[in-house]
file data_26.tsv (TSV, C-alpha atoms)
chain	number	residue	atom	x	y	z
H	1	MET	CA	0.00	0.00	0.00
H	2	GLN	CA	1.17	3.47	-0.84
H	3	ALA	CA	0.85	6.50	1.43
H	4	ILE	CA	-1.30	9.22	-0.13
H	5	LYS	CA	-2.61	12.66	0.80
H	6	LEU	CA	-6.35	12.63	1.29
H	7	THR	CA	-8.25	15.46	-0.40
H	8	PRO	CA	-11.82	16.75	-0.09
H	9	THR	CA	-12.70	14.44	-2.99
H	10	SER	CA	-11.23	11.53	-1.01
H	11	TYR	CA	-13.45	12.37	1.94
H	12	ILE	CA	-16.51	12.71	-0.30
H	13	VAL	CA	-15.90	9.19	-1.62
H	14	LEU	CA	-15.24	7.81	1.87
H	15	GLY	CA	-18.30	9.57	3.29
H	16	LEU	CA	-20.69	8.42	0.58
H	17	LEU	CA	-19.48	4.84	0.89
H	18	ASP	CA	-19.89	5.07	4.65
H	19	VAL	CA	-23.57	5.89	4.09
H	20	VAL	CA	-24.40	3.34	1.37
H	21	GLY	CA	-21.94	0.56	2.14
H	22	GLU	CA	-20.92	-0.29	-1.43
H	23	ALA	CA	-21.09	1.59	-4.73
H	24	THR	CA	-19.70	1.80	-8.24
H	25	PRO	CA	-18.12	5.03	-9.48
H	26	TYR	CA	-21.33	5.66	-11.46
H	27	ASP	CA	-23.35	5.27	-8.24
H	28	LEU	CA	-21.04	7.81	-6.57
H	29	LYS	CA	-21.59	10.23	-9.46
H	30	GLN	CA	-25.37	9.93	-9.02
H	31	MET	CA	-25.11	10.50	-5.26
H	32	VAL	CA	-22.95	13.59	-5.75
H	33	ALA	CA	-25.43	15.00	-8.26
H	34	GLY	CA	-28.30	14.49	-5.81
H	35	GLY	CA	-26.64	15.89	-2.72
H	36	VAL	CA	-23.09	16.94	-1.96
H	37	GLY	CA	-22.71	18.40	-5.47
H	38	ASN	CA	-24.90	21.28	-4.27
H	39	LEU	CA	-22.18	22.39	-1.88
H	40	TRP	CA	-18.96	21.06	-3.37
H	41	SER	CA	-18.09	21.00	-7.06
H	42	LEU	CA	-15.89	18.30	-8.50
H	43	GLN	CA	-15.27	16.77	-11.88
H	44	HIS	CA	-17.10	13.51	-12.53
H	45	ALA	CA	-13.86	11.93	-13.74
H	46	GLN	CA	-12.55	12.24	-10.18
H	47	LEU	CA	-15.29	9.88	-9.00
H	48	TYR	CA	-13.88	7.23	-11.32
H	49	SER	CA	-10.19	7.73	-10.49
H	50	GLU	CA	-10.38	8.48	-6.76
H	51	PRO	CA	-11.83	5.11	-5.63
H	52	GLU	CA	-8.99	3.30	-7.39
H	53	ARG	CA	-6.42	5.57	-5.74
H	54	LEU	CA	-8.03	5.02	-2.33
H	55	THR	CA	-8.08	1.25	-2.90
H	56	LYS	CA	-4.35	1.17	-3.66
H	57	ALA	CA	-3.74	3.02	-0.39
H	58	GLY	CA	-5.91	0.66	1.67
H	59	TYR	CA	-8.86	2.98	2.39
H	60	LEU	CA	-11.29	1.03	0.19
H	61	SER	CA	-11.76	-2.55	-0.93
H	62	GLU	CA	-12.80	-3.44	-4.46
H	63	ARG	CA	-15.11	-6.15	-5.74
H	64	ARG	CA	-15.39	-6.67	-9.50
H	65	GLU	CA	-18.42	-8.21	-11.15
H	66	ARG	CA	-17.63	-11.54	-12.79
H	67	GLY	CA	-19.79	-11.12	-15.87
H	68	GLY	CA	-21.42	-8.41	-17.89
H	69	ARG	CA	-19.78	-5.04	-17.65
H	70	ARG	CA	-17.42	-6.23	-14.89
H	71	ARG	CA	-18.13	-3.07	-12.91
H	72	LYS	CA	-16.04	-2.29	-9.87
H	73	HIS	CA	-17.85	-1.98	-6.54
H	74	TYR	CA	-16.06	-0.19	-3.71
H	75	SER	CA	-16.57	-0.27	0.04
H	76	LEU	CA	-14.79	1.19	3.07
H	77	THR	CA	-12.06	-0.66	4.90
H	78	ASP	CA	-11.42	-0.12	8.61
H	79	GLN	CA	-8.59	2.24	7.62
H	80	GLY	CA	-11.03	4.25	5.47
H	81	ARG	CA	-13.56	4.41	8.31
H	82	ARG	CA	-10.91	5.63	10.75
H	83	ALA	CA	-9.64	8.28	8.31
H	84	LEU	CA	-13.17	9.58	7.70
H	85	ALA	CA	-14.02	9.63	11.41
H	86	ALA	CA	-10.82	11.54	12.23
H	87	TRP	CA	-11.41	14.08	9.46
H	88	VAL	CA	-15.05	14.85	10.32
H	89	ALA	CA	-14.14	15.19	14.01
H	90	GLU	CA	-11.46	17.79	13.24
H	91	PRO	CA	-12.55	21.46	13.29
H	92	THR	CA	-11.81	23.52	10.20
H	93	SER	CA	-10.91	27.16	9.78
H	94	GLU	CA	-10.81	27.02	5.99
H	95	PHE	CA	-12.92	29.74	4.43
H	96	THR	CA	-15.68	29.09	1.89
H	97	GLN	CA	-14.55	28.63	-1.70
H	98	LEU	CA	-16.73	30.72	-3.96
H	99	ARG	CA	-16.85	30.69	-7.75
H	100	ASP	CA	-19.74	32.87	-8.85
H	101	VAL	CA	-19.74	34.14	-12.43
H	102	GLY	CA	-22.47	36.71	-11.72
H	103	LEU	CA	-20.45	38.29	-8.90
H	104	LEU	CA	-17.29	38.09	-11.00
H	105	LYS	CA	-19.02	40.05	-13.77
H	106	LEU	CA	-20.15	42.67	-11.23
H	107	PHE	CA	-16.62	42.92	-9.88
H	108	LEU	CA	-15.27	43.43	-13.41
H	109	GLY	CA	-17.74	46.21	-14.20
H	110	ALA	CA	-20.95	44.63	-15.52
H	111	ASP	CA	-24.14	46.64	-15.18
H	112	PRO	CA	-26.06	44.94	-12.31
H	113	ALA	CA	-29.34	45.32	-14.21
H	114	THR	CA	-27.89	43.28	-17.09
H	115	VAL	CA	-26.85	40.37	-14.87
H	116	ALA	CA	-29.62	40.46	-12.27
H	117	ALA	CA	-32.60	38.91	-14.07
H	118	ALA	CA	-30.76	35.73	-15.02
H	119	GLN	CA	-29.13	35.48	-11.59
H	120	LEU	CA	-32.45	36.03	-9.83
H	121	GLU	CA	-34.07	33.27	-11.90
H	122	LEU	CA	-31.13	30.94	-11.22
H	123	HIS	CA	-31.11	31.49	-7.45
H	124	SER	CA	-34.90	31.47	-7.15
H	125	GLY	CA	-34.95	28.10	-8.89
H	126	LYS	CA	-32.25	26.66	-6.63
H	127	LEU	CA	-34.05	28.01	-3.56
H	128	ALA	CA	-37.27	26.31	-4.67
H	129	GLU	CA	-35.36	23.05	-5.25
H	130	TYR	CA	-33.82	23.23	-1.77
H	131	GLU	CA	-37.17	24.03	-0.16
H	132	ARG	CA	-38.76	21.02	-1.90
H	133	ALA	CA	-35.92	18.84	-0.66
H	134	GLN	CA	-36.40	20.20	2.86
H	135	ASN	CA	-40.08	19.30	2.74
H	136	THR	CA	-39.24	15.70	1.83
H	137	LEU	CA	-36.75	15.28	4.67
H	138	ALA	CA	-38.66	14.25	7.77
H	139	ALA	CA	-37.36	15.97	10.89
H	140	GLY	CA	-35.35	13.64	13.04
H	141	GLU	CA	-34.87	10.91	10.39
H	142	GLY	CA	-31.37	9.96	9.35
H	143	PRO	CA	-28.18	11.81	10.19
H	144	PRO	CA	-28.55	15.55	10.85
H	145	GLY	CA	-25.69	16.58	8.53
H	146	PRO	CA	-27.61	16.66	5.24
H	147	ARG	CA	-30.51	18.57	6.85
H	148	LEU	CA	-28.14	21.13	8.36
H	149	ALA	CA	-26.27	21.59	5.06
H	150	LEU	CA	-29.61	22.04	3.30
H	151	GLU	CA	-30.64	24.64	5.89
H	152	ALA	CA	-27.42	26.57	5.20
H	153	GLY	CA	-28.02	26.30	1.44
H	154	ILE	CA	-31.53	27.71	1.84
H	155	GLY	CA	-30.17	30.67	3.79
H	156	HIS	CA	-27.50	31.23	1.15
H	157	GLU	CA	-30.03	31.17	-1.71
H	158	ARG	CA	-32.46	33.44	0.13
H	159	GLU	CA	-29.70	36.00	0.48
H	160	TYR	CA	-28.84	35.78	-3.21
H	161	VAL	CA	-32.52	36.21	-4.14
H	162	ARG	CA	-32.68	39.26	-1.85
H	163	PHE	CA	-29.46	40.70	-3.33
H	164	TRP	CA	-30.32	40.22	-7.02
H	165	SER	CA	-33.94	41.40	-6.53
H	166	ARG	CA	-32.58	44.89	-5.84
H	167	PHE	CA	-31.53	45.24	-9.48
H	168	VAL	CA	-34.61	43.85	-11.24
H	169	PRO	CA	-37.32	46.41	-12.03
call {"tool": "encode", "arguments": {"input": "data_26.tsv", "output": "structure tokens"}}
result
Amino acid sequence: MQAIKLTPTSYIVLGLLDVVGEATPYDLKQMVAGGVGNLWSLQHAQLYSEPERLTKAGYLSERRERGGRRRKHYSLTDQGRRALAAWVAEPTSEFTQLRDVGLLKLFLGADPATVAAAQLELHSGKLAEYERAQNTLAAGEGPPGPRLALEAGIGHEREYVRFWSRFVP
């Protein structure tokens, strides 16, 4: 086994596998799209390469289908569970990473009225999506982390809706 540096993508893979037990890279891609992808962006190709890297380092085990497409199924090892538990227990002082094209255009001199309508529609749509998701999550069911992250996302989108509404007639 080789020693590797674990990245946020590593922890996403470890965390998702901790929840579901076993998954293919395609399954991981679907889970990211339906959840953590709303708060952390990553390239889909990483979800195909990262499990293999984590397997070589002993954090995951791999099971390959015997017939058909011979898909690889990954699951956590004890080492992977320990690494994930240590990481989530550790406080972080890293600031939010933000990549917002609308704000970048404002910063570089765009007329707010030109950018606002599209941004308002975008953020209003995401807010509605988050609020629908919140309505489907029953209070007290499952781990609190996804509900808390969703609550933060709703607050974030409400603020963006408030901000961009100022510039739409």
call {"tool": "atom_distance", "arguments": {"input": "data_26.tsv", "atom1": "atom CA of H:Glu157", "atom2": "atom CA of H:Thr96"}}
result
14.9 Å
call {"tool": "atom_distance", "arguments": {"input": "data_26.tsv", "atom1": "atom CA of H:Gly58", "atom2": "atom CA of H:Ala3"}}
result
8.9 Å
call {"tool": "closest_atom_pairs", "arguments": {"input": "data_26.tsv", "of": "stretch 89-151 of chain H", "to": "stretch 31-50 of chain H", "cutoff": "12 Å", "atoms": "only C-alpha atoms", "output": "CSV"}}
result
residue,atom,partner,partner_atom,distance
H:Thr96,CA,H:Leu39,CA,10.1
H:Gln97,CA,H:Trp40,CA,8.9
H:Leu98,CA,H:Trp40,CA,9.9
H:Arg99,CA,H:Ser41,CA,9.8
H:Lys126,CA,H:Asn38,CA,9.4
H:Leu127,CA,H:Asn38,CA,11.4
H:Glu129,CA,H:Asn38,CA,10.7
H:Tyr130,CA,H:Asn38,CA,9.5
H:Ala133,CA,H:Gly35,CA,10.0
H:Gly145,CA,H:Val36,CA,10.8
H:Pro146,CA,H:Gly35,CA,8.1
H:Arg147,CA,H:Gly35,CA,10.7
H:Leu148,CA,H:Leu39,CA,11.9
H:Ala149,CA,H:Leu39,CA,8.1
H:Leu150,CA,H:Asn38,CA,8.9
H:Glu151,CA,H:Leu39,CA,11.7
call {"tool": "closest_residue", "arguments": {"input": "data_26.tsv", "among": "H:Pro169, H:Gly153, H:Gly15, H:Gly68", "to": "H:Ala86", "atoms": "only C-alpha atoms"}}
result
H:Gly15
call {"tool": "closest_residue", "arguments": {"input": "data_26.tsv", "among": "H:Pro91, H:Glu22, H:Ala83, H:Gln134", "to": "H:Arg64", "atoms": "all atoms listed in the file"}}
result
H:Glu22
call {"tool": "atom_distance", "arguments": {"input": "data_26.tsv", "atom1": "atom CA of H:Gly102", "atom2": "atom CA of H:Ala116"}}
result
8.1 Å
call {"tool": "residues_near_point", "arguments": {"input": "data_26.tsv", "point": "(-34.2, 42.7, -5.2)", "cutoff": "12 Å", "atoms": "only C-alpha atoms", "output": "number ranges by chain"}}
result
H: 112-113, 116-117, 119-121, 123-124, 158-169
call {"tool": "axis_aligned_box", "arguments": {"input": "data_26.tsv", "around": "stretch 122-136 of chain H", "padding_each_side": "6 Å", "output": "AutoDock Vina command-line options"}}
result
--center_x -35.6 --center_y 23.6 --center_z -4.2 --size_x 21.0 --size_y 27.8 --size_z 26.1
call {"tool": "residues_around", "arguments": {"input": "data_26.tsv", "residues": "stretch 71-80 of chain H", "least_positions_apart": "2", "cutoff": "6 Å", "atoms": "all atoms listed in the file", "output": "count of residues only"}}
result
15
call {"tool": "build_atoms", "arguments": {"input": "data_26.tsv", "residues": "stretch 38-64 of chain H", "atoms": "N, CA, C and O atoms", "output": "PDB file, in the coordinates of the input"}}
result
ATOM      1  N   ASN H  38     -24.316  19.957  -4.497  1.00  0.00           N
ATOM      2  CA  ASN H  38     -24.900  21.280  -4.270  1.00  0.00           C
ATOM      3  C   ASN H  38     -24.016  22.167  -3.407  1.00  0.00           C
ATOM      4  O   ASN H  38     -24.239  23.369  -3.343  1.00  0.00           O
ATOM      5  N   LEU H  39     -23.036  21.566  -2.727  1.00  0.00           N
ATOM      6  CA  LEU H  39     -22.180  22.390  -1.880  1.00  0.00           C
ATOM      7  C   LEU H  39     -20.703  22.209  -2.165  1.00  0.00           C
ATOM      8  O   LEU H  39     -19.873  22.931  -1.625  1.00  0.00           O
ATOM      9  N   TRP H  40     -20.359  21.256  -3.019  1.00  0.00           N
ATOM     10  CA  TRP H  40     -18.960  21.060  -3.370  1.00  0.00           C
ATOM     11  C   TRP H  40     -18.882  20.613  -4.818  1.00  0.00           C
ATOM     12  O   TRP H  40     -19.450  19.584  -5.175  1.00  0.00           O
ATOM     13  N   SER H  41     -18.182  21.373  -5.650  1.00  0.00           N
ATOM     14  CA  SER H  41     -18.090  21.000  -7.060  1.00  0.00           C
ATOM     15  C   SER H  41     -16.838  20.148  -7.286  1.00  0.00           C
ATOM     16  O   SER H  41     -15.793  20.403  -6.699  1.00  0.00           O
ATOM     17  N   LEU H  42     -17.016  19.127  -8.105  1.00  0.00           N
ATOM     18  CA  LEU H  42     -15.890  18.300  -8.500  1.00  0.00           C
ATOM     19  C   LEU H  42     -16.181  17.708  -9.864  1.00  0.00           C
ATOM     20  O   LEU H  42     -17.330  17.615 -10.282  1.00  0.00           O
ATOM     21  N   GLN H  43     -15.126  17.348 -10.555  1.00  0.00           N
ATOM     22  CA  GLN H  43     -15.270  16.770 -11.880  1.00  0.00           C
ATOM     23  C   GLN H  43     -15.693  15.314 -11.742  1.00  0.00           C
ATOM     24  O   GLN H  43     -15.183  14.588 -10.887  1.00  0.00           O
ATOM     25  N   HIS H  44     -16.614  14.888 -12.594  1.00  0.00           N
ATOM     26  CA  HIS H  44     -17.100  13.510 -12.530  1.00  0.00           C
ATOM     27  C   HIS H  44     -15.977  12.502 -12.716  1.00  0.00           C
ATOM     28  O   HIS H  44     -16.012  11.421 -12.134  1.00  0.00           O
ATOM     29  N   ALA H  45     -14.980  12.843 -13.508  1.00  0.00           N
ATOM     30  CA  ALA H  45     -13.860  11.930 -13.740  1.00  0.00           C
ATOM     31  C   ALA H  45     -13.157  11.575 -12.426  1.00  0.00           C
ATOM     32  O   ALA H  45     -12.624  10.473 -12.277  1.00  0.00           O
ATOM     33  N   GLN H  46     -13.177  12.503 -11.469  1.00  0.00           N
ATOM     34  CA  GLN H  46     -12.550  12.240 -10.180  1.00  0.00           C
ATOM     35  C   GLN H  46     -13.251  11.096  -9.440  1.00  0.00           C
ATOM     36  O   GLN H  46     -12.627  10.381  -8.673  1.00  0.00           O
ATOM     37  N   LEU H  47     -14.543  10.934  -9.679  1.00  0.00           N
ATOM     38  CA  LEU H  47     -15.290   9.880  -9.000  1.00  0.00           C
ATOM     39  C   LEU H  47     -15.003   8.506  -9.601  1.00  0.00           C
ATOM     40  O   LEU H  47     -15.414   7.488  -9.052  1.00  0.00           O
ATOM     41  N   TYR H  48     -14.312   8.489 -10.725  1.00  0.00           N
ATOM     42  CA  TYR H  48     -13.880   7.230 -11.320  1.00  0.00           C
ATOM     43  C   TYR H  48     -12.432   6.922 -10.936  1.00  0.00           C
ATOM     44  O   TYR H  48     -12.077   5.767 -10.733  1.00  0.00           O
ATOM     45  N   SER H  49     -11.602   7.956 -10.817  1.00  0.00           N
ATOM     46  CA  SER H  49     -10.190   7.730 -10.490  1.00  0.00           C
ATOM     47  C   SER H  49      -9.925   7.656  -8.982  1.00  0.00           C
ATOM     48  O   SER H  49      -9.063   6.899  -8.542  1.00  0.00           O
ATOM     49  N   GLU H  50     -10.664   8.420  -8.204  1.00  0.00           N
ATOM     50  CA  GLU H  50     -10.380   8.480  -6.760  1.00  0.00           C
ATOM     51  C   GLU H  50     -10.608   7.143  -6.045  1.00  0.00           C
ATOM     52  O   GLU H  50      -9.782   6.765  -5.202  1.00  0.00           O
ATOM     53  N   PRO H  51     -11.678   6.397  -6.321  1.00  0.00           N
ATOM     54  CA  PRO H  51     -11.830   5.110  -5.630  1.00  0.00           C
ATOM     55  C   PRO H  51     -10.657   4.154  -5.884  1.00  0.00           C
ATOM     56  O   PRO H  51     -10.213   3.451  -4.970  1.00  0.00           O
ATOM     57  N   GLU H  52     -10.143   4.157  -7.094  1.00  0.00           N
ATOM     58  CA  GLU H  52      -8.990   3.300  -7.390  1.00  0.00           C
ATOM     59  C   GLU H  52      -7.772   3.734  -6.586  1.00  0.00           C
ATOM     60  O   GLU H  52      -7.045   2.903  -6.034  1.00  0.00           O
ATOM     61  N   ARG H  53      -7.547   5.030  -6.513  1.00  0.00           N
ATOM     62  CA  ARG H  53      -6.420   5.570  -5.740  1.00  0.00           C
ATOM     63  C   ARG H  53      -6.565   5.209  -4.259  1.00  0.00           C
ATOM     64  O   ARG H  53      -5.607   4.794  -3.605  1.00  0.00           O
ATOM     65  N   LEU H  54      -7.790   5.343  -3.739  1.00  0.00           N
ATOM     66  CA  LEU H  54      -8.030   5.020  -2.330  1.00  0.00           C
ATOM     67  C   LEU H  54      -7.902   3.522  -2.064  1.00  0.00           C
ATOM     68  O   LEU H  54      -7.490   3.113  -0.975  1.00  0.00           O
ATOM     69  N   THR H  55      -8.232   2.703  -3.044  1.00  0.00           N
ATOM     70  CA  THR H  55      -8.080   1.250  -2.900  1.00  0.00           C
ATOM     71  C   THR H  55      -6.608   0.879  -2.810  1.00  0.00           C
ATOM     72  O   THR H  55      -6.210   0.096  -1.939  1.00  0.00           O
ATOM     73  N   LYS H  56      -5.791   1.460  -3.676  1.00  0.00           N
ATOM     74  CA  LYS H  56      -4.350   1.170  -3.660  1.00  0.00           C
ATOM     75  C   LYS H  56      -3.718   1.562  -2.331  1.00  0.00           C
ATOM     76  O   LYS H  56      -2.737   0.961  -1.907  1.00  0.00           O
ATOM     77  N   ALA H  57      -4.284   2.560  -1.664  1.00  0.00           N
ATOM     78  CA  ALA H  57      -3.740   3.020  -0.390  1.00  0.00           C
ATOM     79  C   ALA H  57      -4.367   2.319   0.812  1.00  0.00           C
ATOM     80  O   ALA H  57      -3.999   2.601   1.951  1.00  0.00           O
ATOM     81  N   GLY H  58      -5.342   1.436   0.578  1.00  0.00           N
ATOM     82  CA  GLY H  58      -5.910   0.660   1.670  1.00  0.00           C
ATOM     83  C   GLY H  58      -7.150   1.239   2.329  1.00  0.00           C
ATOM     84  O   GLY H  58      -7.642   0.683   3.310  1.00  0.00           O
ATOM     85  N   TYR H  59      -7.675   2.349   1.801  1.00  0.00           N
ATOM     86  CA  TYR H  59      -8.860   2.980   2.390  1.00  0.00           C
ATOM     87  C   TYR H  59     -10.162   2.329   1.928  1.00  0.00           C
ATOM     88  O   TYR H  59     -11.183   2.455   2.584  1.00  0.00           O
ATOM     89  N   LEU H  60     -10.119   1.692   0.764  1.00  0.00           N
ATOM     90  CA  LEU H  60     -11.290   1.030   0.190  1.00  0.00           C
ATOM     91  C   LEU H  60     -10.919  -0.389  -0.219  1.00  0.00           C
ATOM     92  O   LEU H  60      -9.754  -0.686  -0.479  1.00  0.00           O
ATOM     93  N   SER H  61     -11.939  -1.229  -0.310  1.00  0.00           N
ATOM     94  CA  SER H  61     -11.760  -2.550  -0.930  1.00  0.00           C
ATOM     95  C   SER H  61     -12.567  -2.544  -2.223  1.00  0.00           C
ATOM     96  O   SER H  61     -13.521  -1.767  -2.373  1.00  0.00           O
ATOM     97  N   GLU H  62     -12.169  -3.393  -3.145  1.00  0.00           N
ATOM     98  CA  GLU H  62     -12.800  -3.440  -4.460  1.00  0.00           C
ATOM     99  C   GLU H  62     -13.331  -4.840  -4.733  1.00  0.00           C
ATOM    100  O   GLU H  62     -12.667  -5.834  -4.433  1.00  0.00           O
ATOM    101  N   ARG H  63     -14.522  -4.897  -5.288  1.00  0.00           N
ATOM    102  CA  ARG H  63     -15.110  -6.150  -5.740  1.00  0.00           C
ATOM    103  C   ARG H  63     -15.519  -5.935  -7.194  1.00  0.00           C
ATOM    104  O   ARG H  63     -16.222  -4.982  -7.503  1.00  0.00           O
ATOM    105  N   ARG H  64     -15.068  -6.804  -8.072  1.00  0.00           N
ATOM    106  CA  ARG H  64     -15.390  -6.670  -9.500  1.00  0.00           C
ATOM    107  C   ARG H  64     -16.422  -7.719  -9.881  1.00  0.00           C
ATOM    108  O   ARG H  64     -16.327  -8.869  -9.496  1.00  0.00           O
TER     109      ARG H  64
END
